[in-house]
file my_file.csv (CSV, C-alpha atoms and all ligand atoms)
chain,number,residue,atom,x,y,z
A,2,MET,CA,0.0,0.0,0.0
A,3,LEU,CA,1.2,3.5,-0.8
A,4,VAL,CA,1.5,5.8,2.2
A,5,SER,CA,2.0,9.6,2.6
A,6,ALA,CA,5.6,10.7,3.1
A,7,LYS,CA,4.8,12.6,6.3
A,8,ASP,CA,5.5,9.8,8.9
A,9,MET,CA,8.5,8.4,7.2
A,10,LEU,CA,10.2,11.8,6.9
A,11,ASN,CA,9.3,12.8,10.5
A,12,ALA,CA,10.9,9.5,11.7
A,13,ALA,CA,13.9,10.2,9.5
A,14,ALA,CA,14.4,13.8,10.8
A,15,LYS,CA,14.1,12.4,14.4
A,16,GLY,CA,16.5,9.5,13.7
A,17,HIS,CA,19.1,11.5,11.8
A,18,TYR,CA,18.9,9.6,8.5
A,19,ALA,CA,17.3,10.6,5.2
A,20,VAL,CA,14.9,8.9,2.9
A,21,ALA,CA,15.9,8.7,-0.8
A,22,ALA,CA,13.4,10.2,-3.3
A,23,PHE,CA,14.2,8.6,-6.7
A,24,ASN,CA,12.6,9.9,-9.9
A,25,THR,CA,10.8,7.4,-12.0
A,26,ASN,CA,10.7,7.4,-15.8
A,27,ASN,CA,8.9,4.2,-16.6
A,28,LEU,CA,8.1,0.7,-15.4
A,29,GLU,CA,11.7,-0.3,-15.3
A,30,TRP,CA,12.7,2.6,-13.1
A,31,ALA,CA,9.8,2.1,-10.6
A,32,ALA,CA,10.3,-1.7,-10.4
A,33,SER,CA,14.1,-1.3,-9.8
A,34,ILE,CA,13.6,1.4,-7.1
A,35,LEU,CA,11.2,-0.8,-5.3
A,36,ASP,CA,13.6,-3.8,-5.5
A,37,ALA,CA,16.3,-1.7,-4.0
A,38,ALA,CA,14.1,-0.5,-1.2
A,39,GLU,CA,12.8,-4.0,-0.4
A,40,ALA,CA,16.3,-5.5,-0.4
A,41,THR,CA,17.6,-2.9,2.0
A,42,GLN,CA,14.3,-2.8,4.1
A,43,SER,CA,14.2,1.0,3.6
A,44,PRO,CA,11.3,3.4,3.3
A,45,VAL,CA,11.4,5.0,-0.2
A,46,ILE,CA,9.8,7.8,-2.1
A,47,ILE,CA,9.2,7.3,-5.8
A,48,GLN,CA,8.7,10.7,-7.4
A,49,CYS,CA,7.7,11.9,-10.9
A,50,THR,CA,7.9,15.2,-12.7
A,51,SER,CA,5.2,16.4,-15.0
A,52,GLY,CA,7.6,15.8,-17.9
A,53,ALA,CA,8.2,12.1,-16.9
A,54,ALA,CA,4.4,11.7,-16.4
A,55,LYS,CA,3.7,13.0,-20.0
A,56,TRP,CA,6.3,10.5,-21.2
A,57,GLN,CA,4.3,7.7,-19.5
A,58,VAL,CA,1.0,9.3,-20.8
A,59,SER,CA,-0.4,10.7,-17.5
A,60,PHE,CA,-0.1,11.0,-13.8
A,61,LYS,CA,-2.9,8.3,-13.5
A,62,VAL,CA,-0.8,5.8,-15.5
A,63,VAL,CA,2.2,6.5,-13.2
A,64,ALA,CA,0.0,6.1,-10.1
A,65,ASP,CA,-1.4,2.8,-11.4
A,66,ILE,CA,2.0,1.4,-12.3
A,67,VAL,CA,3.5,2.2,-8.9
A,68,LYS,CA,0.5,1.1,-6.9
A,69,ASN,CA,0.2,-2.2,-8.7
A,70,LEU,CA,4.0,-2.9,-8.5
A,71,VAL,CA,3.9,-2.3,-4.7
A,72,GLU,CA,1.0,-4.8,-4.4
A,73,ASP,CA,2.1,-7.5,-6.9
A,74,LYS,CA,5.7,-7.4,-5.8
A,75,ASN,CA,4.6,-7.8,-2.2
A,76,ILE,CA,6.6,-4.8,-1.1
A,77,THR,CA,6.7,-4.7,2.7
A,78,VAL,CA,8.4,-1.3,3.3
A,79,PRO,CA,6.6,2.0,3.2
A,80,VAL,CA,6.4,3.6,-0.2
A,81,ALA,CA,5.2,7.1,-1.0
A,82,LEU,CA,4.4,8.3,-4.5
A,83,HIS,CA,5.3,12.0,-4.8
A,84,LEU,CA,4.9,14.7,-7.4
A,85,ASP,CA,8.2,16.4,-8.0
A,86,HIS,CA,8.2,20.2,-8.8
A,87,GLY,CA,4.5,20.4,-9.6
A,88,THR,CA,2.5,23.4,-10.7
A,89,TYR,CA,-0.7,24.1,-8.8
A,90,GLU,CA,-2.7,22.3,-11.5
A,91,ASP,CA,-0.3,19.3,-11.5
A,92,CYS,CA,-0.9,19.0,-7.7
A,93,LEU,CA,-4.6,18.8,-8.2
A,94,LYS,CA,-4.2,16.2,-11.0
A,95,CYS,CA,-1.9,14.0,-8.8
A,96,ILE,CA,-4.3,14.3,-5.8
A,97,ASP,CA,-7.0,12.9,-8.1
A,98,ALA,CA,-4.8,10.3,-9.7
A,99,GLY,CA,-3.8,8.6,-6.4
A,100,PHE,CA,-0.5,10.1,-5.5
A,101,THR,CA,0.2,10.1,-1.8
A,102,SER,CA,2.4,13.2,-1.7
A,103,VAL,CA,2.8,16.3,-3.8
A,104,MET,CA,5.4,19.1,-4.2
A,105,TYR,CA,3.9,22.4,-5.1
A,106,ASP,CA,6.8,24.5,-6.5
A,107,GLY,CA,5.8,28.1,-6.3
A,108,SER,CA,9.4,29.3,-6.4
A,109,HIS,CA,8.9,30.6,-9.9
A,110,GLU,CA,5.7,32.6,-9.1
A,111,GLU,CA,6.0,36.3,-9.5
A,112,THR,CA,6.1,37.1,-5.8
A,113,PHE,CA,6.7,35.1,-2.6
A,114,GLU,CA,3.2,36.1,-1.5
A,115,ILE,CA,1.7,34.1,-4.4
A,116,ASN,CA,3.9,31.1,-3.6
A,117,LEU,CA,2.7,31.3,0.1
A,118,GLU,CA,-1.0,31.7,-0.8
A,119,LYS,CA,-1.0,28.8,-3.3
A,120,THR,CA,1.0,26.6,-1.0
A,121,ALA,CA,-1.5,27.1,1.8
A,122,LYS,CA,-4.3,26.2,-0.6
A,123,ILE,CA,-2.6,23.0,-1.7
A,124,VAL,CA,-2.0,22.1,2.0
A,125,GLU,CA,-5.7,22.5,2.7
A,126,ILE,CA,-6.8,20.3,-0.2
A,127,ALA,CA,-4.1,17.6,0.2
A,128,HIS,CA,-4.3,17.3,4.0
A,129,ALA,CA,-8.1,16.7,3.7
A,130,LYS,CA,-7.1,13.5,1.9
A,131,GLY,CA,-4.2,12.5,4.0
A,132,ILE,CA,-1.7,13.5,1.3
A,133,SER,CA,1.7,15.1,2.3
A,134,VAL,CA,2.9,18.4,0.9
A,135,GLU,CA,6.4,19.7,0.0
A,136,ALA,CA,6.9,23.4,-0.8
A,137,GLU,CA,9.9,25.3,-2.1
A,138,VAL,CA,11.5,28.6,-1.2
A,139,GLY,CA,13.8,30.4,-3.5
A,140,GLY,CA,15.1,28.4,-6.4
A,141,ILE,CA,17.2,25.3,-6.6
A,142,GLY,CA,20.3,26.0,-8.8
A,143,GLY,CA,20.8,24.3,-12.1
A,144,VAL,CA,18.2,23.4,-14.6
A,145,GLU,CA,14.7,23.0,-13.1
A,146,ASP,CA,12.2,22.2,-15.9
A,147,GLY,CA,14.2,24.4,-18.3
A,148,VAL,CA,14.8,27.3,-15.9
A,149,THR,CA,18.5,27.7,-15.2
A,150,SER,CA,19.9,29.4,-12.1
A,151,LYS,CA,23.1,29.0,-10.0
A,152,GLY,CA,23.3,27.5,-6.5
A,153,GLU,CA,20.9,29.6,-4.5
A,154,LEU,CA,20.5,30.2,-0.8
A,155,ALA,CA,16.9,30.3,0.5
A,156,ASP,CA,15.8,33.2,2.7
A,157,PRO,CA,15.4,31.8,6.3
A,158,GLN,CA,12.4,34.2,7.0
A,159,GLN,CA,10.6,33.0,3.9
A,160,CYS,CA,11.3,29.4,5.0
A,161,LYS,CA,9.7,30.1,8.3
A,162,ALA,CA,6.7,31.8,6.7
A,163,ILE,CA,6.1,28.9,4.3
A,164,ALA,CA,6.6,26.3,7.1
A,165,ASP,CA,3.8,28.0,9.0
A,166,THR,CA,1.3,27.2,6.2
A,167,GLY,CA,1.4,23.6,7.6
A,168,ILE,CA,3.5,21.9,4.9
A,169,ASP,CA,5.0,18.6,5.8
A,170,PHE,CA,8.5,19.2,4.4
A,171,LEU,CA,10.4,22.0,2.8
A,172,ALA,CA,12.9,22.3,-0.1
A,173,CYS,CA,15.3,25.1,0.4
A,174,GLY,CA,18.3,26.1,-1.6
A,175,ILE,CA,21.6,25.7,0.4
A,176,GLY,CA,23.9,26.0,-2.6
A,177,ASN,CA,22.7,22.7,-4.2
A,178,ILE,CA,22.1,22.3,-7.9
A,179,HIS,CA,20.0,20.1,-10.2
A,180,GLY,CA,21.9,17.9,-12.6
A,181,LEU,CA,25.6,17.3,-12.5
A,182,TYR,CA,27.7,19.7,-10.4
A,183,PRO,CA,30.2,22.0,-12.2
A,184,GLU,CA,33.9,21.7,-11.4
A,185,ASP,CA,33.9,25.1,-9.6
A,186,TRP,CA,30.9,24.3,-7.4
A,187,GLU,CA,31.3,25.9,-3.9
A,188,GLY,CA,29.7,23.2,-1.9
A,189,LEU,CA,26.7,23.2,0.4
A,190,SER,CA,26.2,26.2,2.8
A,191,PHE,CA,25.9,24.6,6.2
A,192,ASP,CA,25.6,28.1,7.8
A,193,ARG,CA,22.4,28.7,5.8
A,194,LEU,CA,21.1,25.3,6.6
A,195,GLN,CA,21.6,25.9,10.3
A,196,GLU,CA,19.9,29.4,10.1
A,197,ILE,CA,16.9,27.7,8.4
A,198,LYS,CA,16.8,24.8,10.8
A,199,ASP,CA,16.8,27.2,13.8
A,200,LEU,CA,13.7,28.9,12.5
A,201,VAL,CA,11.6,25.9,11.2
A,202,GLY,CA,12.3,23.5,14.1
A,203,ASP,CA,11.4,19.9,13.5
A,204,LEU,CA,10.1,20.4,10.0
A,205,PRO,CA,12.0,17.8,7.7
A,206,LEU,CA,14.1,19.5,5.1
A,207,VAL,CA,14.7,18.4,1.5
A,208,LEU,CA,17.9,18.4,-0.4
A,209,HIS,CA,17.3,18.6,-4.2
A,210,GLY,CA,20.0,17.8,-6.6
A,211,GLY,CA,21.4,14.8,-4.8
A,212,THR,CA,23.6,13.6,-7.7
A,213,GLY,CA,27.3,14.1,-7.1
A,214,ILE,CA,27.4,15.8,-3.7
A,215,PRO,CA,30.3,14.3,-1.8
A,216,THR,CA,29.0,11.7,0.6
A,217,ASP,CA,30.6,13.3,3.7
A,218,MET,CA,28.8,16.6,2.8
A,219,VAL,CA,25.5,14.8,2.4
A,220,GLN,CA,25.9,13.0,5.7
A,221,LYS,CA,26.7,16.2,7.5
A,222,ALA,CA,23.6,17.8,6.0
A,223,ILE,CA,21.5,14.8,7.2
A,224,GLY,CA,22.8,15.3,10.7
A,225,MET,CA,21.6,18.9,10.5
A,226,GLY,CA,18.0,18.2,9.5
A,227,ILE,CA,17.9,17.0,5.9
A,228,ALA,CA,15.5,14.1,5.8
A,229,LYS,CA,14.7,13.7,2.1
A,230,ILE,CA,17.2,13.6,-0.7
A,231,ASN,CA,16.2,13.8,-4.3
A,232,VAL,CA,18.1,11.7,-6.7
A,233,ASN,CA,17.4,11.7,-10.4
A,234,THR,CA,20.5,12.2,-12.7
A,235,ASP,CA,22.5,9.6,-10.8
A,236,LEU,CA,20.2,6.7,-11.8
A,237,GLN,CA,20.0,8.0,-15.3
A,238,VAL,CA,23.8,8.0,-15.6
A,239,VAL,CA,24.2,4.4,-14.3
A,240,PHE,CA,21.4,3.2,-16.5
A,241,ALA,CA,22.9,4.8,-19.6
A,242,LYS,CA,26.4,3.4,-18.8
A,243,ALA,CA,25.2,-0.2,-18.3
A,244,THR,CA,23.1,-0.1,-21.5
A,245,ARG,CA,26.0,1.4,-23.5
A,246,GLU,CA,28.4,-1.3,-22.3
A,247,TYR,CA,25.9,-4.0,-23.4
A,248,ILE,CA,25.7,-2.5,-26.8
A,249,GLU,CA,29.3,-1.7,-27.2
A,250,ALA,CA,30.2,-5.3,-26.3
A,251,GLY,CA,28.0,-6.3,-29.3
A,252,LYS,CA,25.7,-8.3,-27.0
A,253,ASP,CA,22.5,-7.0,-28.8
A,254,GLN,CA,23.8,-8.7,-31.9
A,255,GLN,CA,24.5,-12.1,-30.3
A,256,GLY,CA,21.6,-14.6,-30.4
A,257,LYS,CA,18.4,-12.9,-29.2
A,258,GLY,CA,20.4,-10.1,-27.5
A,259,TYR,CA,18.1,-7.6,-29.1
A,260,ASP,CA,15.2,-8.8,-26.9
A,261,PRO,CA,14.2,-5.7,-24.9
A,262,ARG,CA,14.1,-7.8,-21.8
A,263,LYS,CA,17.8,-8.7,-22.3
A,264,LEU,CA,18.7,-5.2,-23.6
A,265,LEU,CA,17.2,-3.4,-20.6
A,266,LYS,CA,18.4,-5.9,-17.9
A,267,PRO,CA,21.9,-4.5,-17.3
A,268,GLY,CA,20.5,-0.9,-16.9
A,269,ARG,CA,17.8,-2.2,-14.6
A,270,GLU,CA,20.3,-4.0,-12.5
A,271,ALA,CA,22.5,-1.0,-12.4
A,272,ILE,CA,19.6,1.1,-11.0
A,273,VAL,CA,19.0,-1.4,-8.3
A,274,GLU,CA,22.6,-1.6,-7.2
A,275,ARG,CA,23.1,2.2,-7.2
A,276,ALA,CA,19.9,2.8,-5.4
A,277,LYS,CA,20.9,0.3,-2.7
A,278,GLU,CA,24.2,2.1,-2.2
A,279,LEU,CA,22.5,5.5,-1.9
A,280,ILE,CA,20.0,4.2,0.6
A,281,CYS,CA,22.9,2.9,2.7
A,282,ASP,CA,24.8,6.3,2.4
A,283,PHE,CA,21.6,8.1,3.5
A,284,GLY,CA,21.2,5.6,6.5
A,285,SER,CA,17.6,4.6,5.8
A,286,ASN,CA,18.4,0.9,5.4
A,287,ASP,CA,16.6,-1.3,8.0
A,288,LYS,CA,14.4,1.7,8.8
A,289,GLY,CA,11.4,0.3,7.0
A,290,TRP,CA,9.1,0.7,9.9
A,291,ALA,CA,11.1,3.0,12.2
A,301,ZN,ZN,14.3,19.6,-7.5
call {"tool": "encode", "arguments": {"input": "my_file.csv", "output": "structure tokens"}}
result
Amino acid sequence: MLVSAKDMLNAAAKGHYAVAAFNTNNLEWAASILDAAEATQSPVIIQCTSGAAKWQVSFKVVADIVKNLVEDKNITVPVALHLDHGTYEDCLKCIDAGFTSVMYDGSHEETFEINLEKTAKIVEIAHAKGISVEAEVGGIGGVEDGVTSKGELADPQQCKAIADTGIDFLACGIGNIHGLYPEDWEGLSFDRLQEIKDLVGDLPLVLHGGTGIPTDMVQKAIGMGIAKINVNTDLQVVFAKATREYIEAGKDQQGKGYDPRKLLKPGREAIVERAKELICDFGSNDKGWA
């Protein structure tokens, strides 16, 4: 059964570990992420952007795939299905489609007041159905649905104001960036993370752009209140690498190596292995029902 992300993230924040939120692109991704979570007995968040939902036809198709996989694979750990960087309308669609968690990203709204107002509205609608809500203050650096910015630092007072709308967890820029990190990246700002934490108290914080941040830096951030870490690019890179190796070795031209089940298998296994590693780095292994 799918659950809201609220309880698993509150437990993570309290226990000083983080739950991985892996983006899904299709059936292979969702199944592999679930296999990794079950193998490590870890809670997990499967999340989907509107772009990845369009690729799979709709949010409803995504929800049906994940829900049925959890049931038919007999997954025993808590799984939340979360909308990643949604518009107001996307949130409403996901709430209808059966998602158990949504992120309303109002960071690109014209003013902070609009972000605040719409976040409060989504909280009201989602909470009435037991669905958890993530909000975002400031922007996250890098490319976010086509919008590019550099590693930003969220305003702590704005974080506090948005926390007070009753959201369940908050994405705040602390120098993190979506996609691969540039050579001259300055690292995470632990000072800003501390300032935000001091104002928002026990609210679980979310680190976007989890691909390529040095593990010791990630673990320090977890110790300071980061309870959800978004990972997207990392799994794409390992999938592409494993698939490329299969083809470069000419395996698709040997026997029935062109069979999609053979062709996709190395990439699928690479996702499982990498997701298991990340889960252990974040410390959520064996926290299935913490
Ligand atoms: Zn993000």
call {"tool": "closest_atom_pairs", "arguments": {"input": "my_file.csv", "of": "range 6-34 of chain A", "to": "range 240-259 of chain A", "cutoff": "12 Å", "atoms": "all atoms listed in the file", "output": "JSON lines"}}
result
{"residue": "A:Asn26", "atom": "CA", "partner": "A:Phe240", "partner_atom": "CA", "distance": 11.5}
{"residue": "A:Glu29", "atom": "CA", "partner": "A:Phe240", "partner_atom": "CA", "distance": 10.4}
{"residue": "A:Trp30", "atom": "CA", "partner": "A:Phe240", "partner_atom": "CA", "distance": 9.4}
{"residue": "A:Ser33", "atom": "CA", "partner": "A:Phe240", "partner_atom": "CA", "distance": 10.9}
call {"tool": "residues_around", "arguments": {"input": "my_file.csv", "residues": "Val63 in chain A", "least_positions_apart": "3", "cutoff": "12 Å", "atoms": "all atoms listed in the file", "output": "ChimeraX atom specification"}}
result
/A:24-32,47-60,66-70,82-84,94-95,98-100
call {"tool": "residues_near_ligand", "arguments": {"input": "my_file.csv", "ligand": "ligand ZN 301 (chain A)", "cutoff": "7 Å", "atoms": "all atoms listed in the file", "output": "PyMOL selection string"}}
result
chain A and resi 85-86+141+145+179+209-210+231
call {"tool": "closest_residue", "arguments": {"input": "my_file.csv", "among": "A:Gly152, A:Gly202, A:Pro215, A:Pro79", "to": "Ser190 in chain A", "atoms": "only C-alpha atoms"}}
result
A:Gly152
call {"tool": "closest_atom_pairs", "arguments": {"input": "my_file.csv", "of": "range 174-228 of chain A", "to": "range 8-19 of chain A", "cutoff": "12 Å", "atoms": "all atoms listed in the file", "output": "Markdown table"}}
result
| residue | atom | partner | partner_atom | distance |
| --- | --- | --- | --- | --- |
| A:Lys198 | CA | A:Ala14 | CA | 11.3 |
| A:Gly202 | CA | A:Ala14 | CA | 10.5 |
| A:Asp203 | CA | A:Ala14 | CA | 7.3 |
| A:Leu204 | CA | A:Asn11 | CA | 7.7 |
| A:Pro205 | CA | A:Ala14 | CA | 5.6 |
| A:Leu206 | CA | A:Ala14 | CA | 8.1 |
| A:Val207 | CA | A:Ala19 | CA | 9.0 |
| A:Leu208 | CA | A:Ala19 | CA | 9.6 |
| A:Gly211 | CA | A:Ala19 | CA | 11.6 |
| A:Val219 | CA | A:Ala19 | CA | 9.6 |
| A:Gln220 | CA | A:Tyr18 | CA | 8.3 |
| A:Lys221 | CA | A:His17 | CA | 9.9 |
| A:Ala222 | CA | A:Ala19 | CA | 9.6 |
| A:Ile223 | CA | A:Tyr18 | CA | 6.0 |
| A:Gly224 | CA | A:His17 | CA | 5.4 |
| A:Met225 | CA | A:His17 | CA | 7.9 |
| A:Gly226 | CA | A:Ala14 | CA | 5.8 |
| A:Ile227 | CA | A:Ala19 | CA | 6.5 |
| A:Ala228 | CA | A:Ala19 | CA | 4.0 |
call {"tool": "closest_residue", "arguments": {"input": "my_file.csv", "among": "A:Val4, A:Ile34, A:Thr166, A:Leu194", "to": "Glu270 in chain A", "atoms": "only C-alpha atoms"}}
result
A:Ile34
call {"tool": "residues_around", "arguments": {"input": "my_file.csv", "residues": "Glu137 in chain A", "least_positions_apart": "3", "cutoff": "12 Å", "atoms": "only C-alpha atoms", "output": "JSON, numbers by chain"}}
result
{"A": [85, 86, 87, 88, 103, 104, 105, 106, 107, 108, 109, 110, 113, 116, 117, 119, 120, 134, 140, 141, 154, 155, 156, 157, 159, 160, 161, 162, 163, 164, 168, 169, 170, 171, 172, 173, 174, 175, 206, 207, 208, 209]}
call {"tool": "atom_distance", "arguments": {"input": "my_file.csv", "atom1": "CA of Val239 in chain A", "atom2": "CA of Ala271 in chain A"}}
result
6.0 Å
call {"tool": "atom_distance", "arguments": {"input": "my_file.csv", "atom1": "CA of Lys229 in chain A", "atom2": "CA of Val20 in chain A"}}
result
4.9 Å
call {"tool": "atom_distance", "arguments": {"input": "my_file.csv", "atom1": "CA of Gly131 in chain A", "atom2": "CA of Ile96 in chain A"}}
result
10.0 Å
